[in-house]
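Below is one structure, written out as structure tokens; the observations come after it.
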Amino acid sequence: MSDLVNTWYLSHGKTLADGEREKRILDFICESLGDPLADNFTTKDFTNYRQKRLSGEIYRVKSKQVVSKRTLNLELVYLRSVFNELKRLGEWDKPNPLENIKQFKTTEQEMAYFTAEQIDAVLAESALSTDNELLLKVKIGLSTGARWSEICDLTAS
């Protein structure tokens, strides 16, 4: 299965803005599944994996945090897209084993906001840092609501 993921990455994934991150996630899934032969990979294999992730038997971070349903839905989307894209490219000629798996129902998270006091505290703490760009990055984040990774990817231009 990891060979299939590598083929996907080289033929398509590396062209995606977030392709490297998606590949790391896909590599984790392959490793967690025991890197089965793609020909033998079934819907049941993925649903078992997903159940173990949900119960905390399989986790990606050192702290044993329970994974969210949203994260599991993203993992399903990423792996399903590997099969779909490789089929489109003529690299996979069998049915997508994940095509009939439904995503978990999730509720929209309520938007969270900092209070004026929290904003002042974050700005004060950032101003104390030895990282000269940190305060600017924090101000950009507070002003725009951009994700931290997006802010870090900004260039001066």
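How things are named: the first chain in the structure tokens is A, the next is B, and so on; residues count from 1 in each chain; ligands count from 1 in the order shown.
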### Task
Would you kindly return, as number ranges by chain, each protein, DNA or RNA residue with an atom no farther than 10 Å from any atom of Ser11 (chain A), considering only C-alpha atoms and excluding same-chain residues fewer than 4 positions away?
A: 5-7, 15, 85-86, 89, 91
#### Entry: Shell of 7 Å around Asp35 (chain A), only C-alpha atoms, local chain residues under 2 positions omitted, as a PyMOL selection string
chain A and resi 1-2+30-31+33+37
### Task
Determine, counting only C-alpha atoms, which protein, DNA and RNA residues have an atom within 12 Å of an atom of region 109-121 of chain A; residues of the same chain fewer than 6 positions away are not included. Present the result as a ChimeraX atom specification.
/A:68,70,127-128,135,138-139,141-143,145
Take the residues from that selection and write them out as a PDB file, in the first residue's frame, keeping C-alpha atoms.
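Ended up saving to part_26.pdb:
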ATOM      1  CA  SER A  68     -11.778  13.616  16.236  1.00  0.00           C
ATOM      2  CA  ARG A  70     -13.355  15.273  11.496  1.00  0.00           C
ATOM      3  CA  ALA A 127       6.651  41.154  22.518  1.00  0.00           C
ATOM      4  CA  LEU A 128       8.936  39.431  25.069  1.00  0.00           C
ATOM      5  CA  LEU A 135       5.062  39.798  17.229  1.00  0.00           C
ATOM      6  CA  VAL A 138       0.838  37.260  15.976  1.00  0.00           C
ATOM      7  CA  LYS A 139      -0.544  40.628  14.840  1.00  0.00           C
ATOM      8  CA  GLY A 141      -3.003  36.233  12.901  1.00  0.00           C
ATOM      9  CA  LEU A 142      -5.102  38.368  15.216  1.00  0.00           C
ATOM     10  CA  SER A 143      -5.970  40.760  12.392  1.00  0.00           C
ATOM     11  CA  GLY A 145      -7.741  34.948  11.469  1.00  0.00           C
TER      12      GLY A 145
END
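Residue nearest Phe41 (chain A), chosen from A:Gly19, A:Gly90, A:Pro97, A:Gly56 and counting only C-alpha atoms: A:Pro97.
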### Task
Name the residues of region 48-98 of chain A that fall into alpha helix (DSSP H) according to DSSP on the backbone, using the chain letters and numbers of this document, as number ranges by chain.
A: 48-55, 69-88
### Message
Excluding Phe83 (chain A) and its own-chain neighbours fewer than 6 positions away, which residues fall within 9 Å of it when counting only C-alpha atoms? Please give them as JSON, numbers by chain.
### Response
{"A": [4, 5, 8, 91, 92, 94, 95, 96, 97, 98]}
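Minimum distance to Asp153 (chain A) across A:Lys137, A:Arg21, A:Lys69, A:Arg80 (counting only C-alpha atoms) occurs at A:Lys137.
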### Query
Using only C-alpha atoms, which of A:Thr155, A:Thr106, A:Thr42, A:Asn132 sits nearest Leu74 (chain A)?
A:Thr106
### Task
Provide the CA of Gly13 (chain A) to CA of Asp39 (chain A) distance in Å, to one decimal place.
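About the pair CA of Gly13 (chain A) and CA of Asp39 (chain A): they are 21.0 Å apart.
Across A:Asp27, A:Asn84, A:Gly34, A:Gln103, the tightest approach to His12 (chain A) is made by A:Asn84 when counting only C-alpha atoms.
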### Message
When you count only C-alpha atoms, which of these residues is closest to Lys44 (chain A): A:Leu154, A:Ile101, A:Ser32, A:Leu72?
### Response
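Looking only at the distances to Lys44 (chain A), the closest residue turns out to be A:Ile101.
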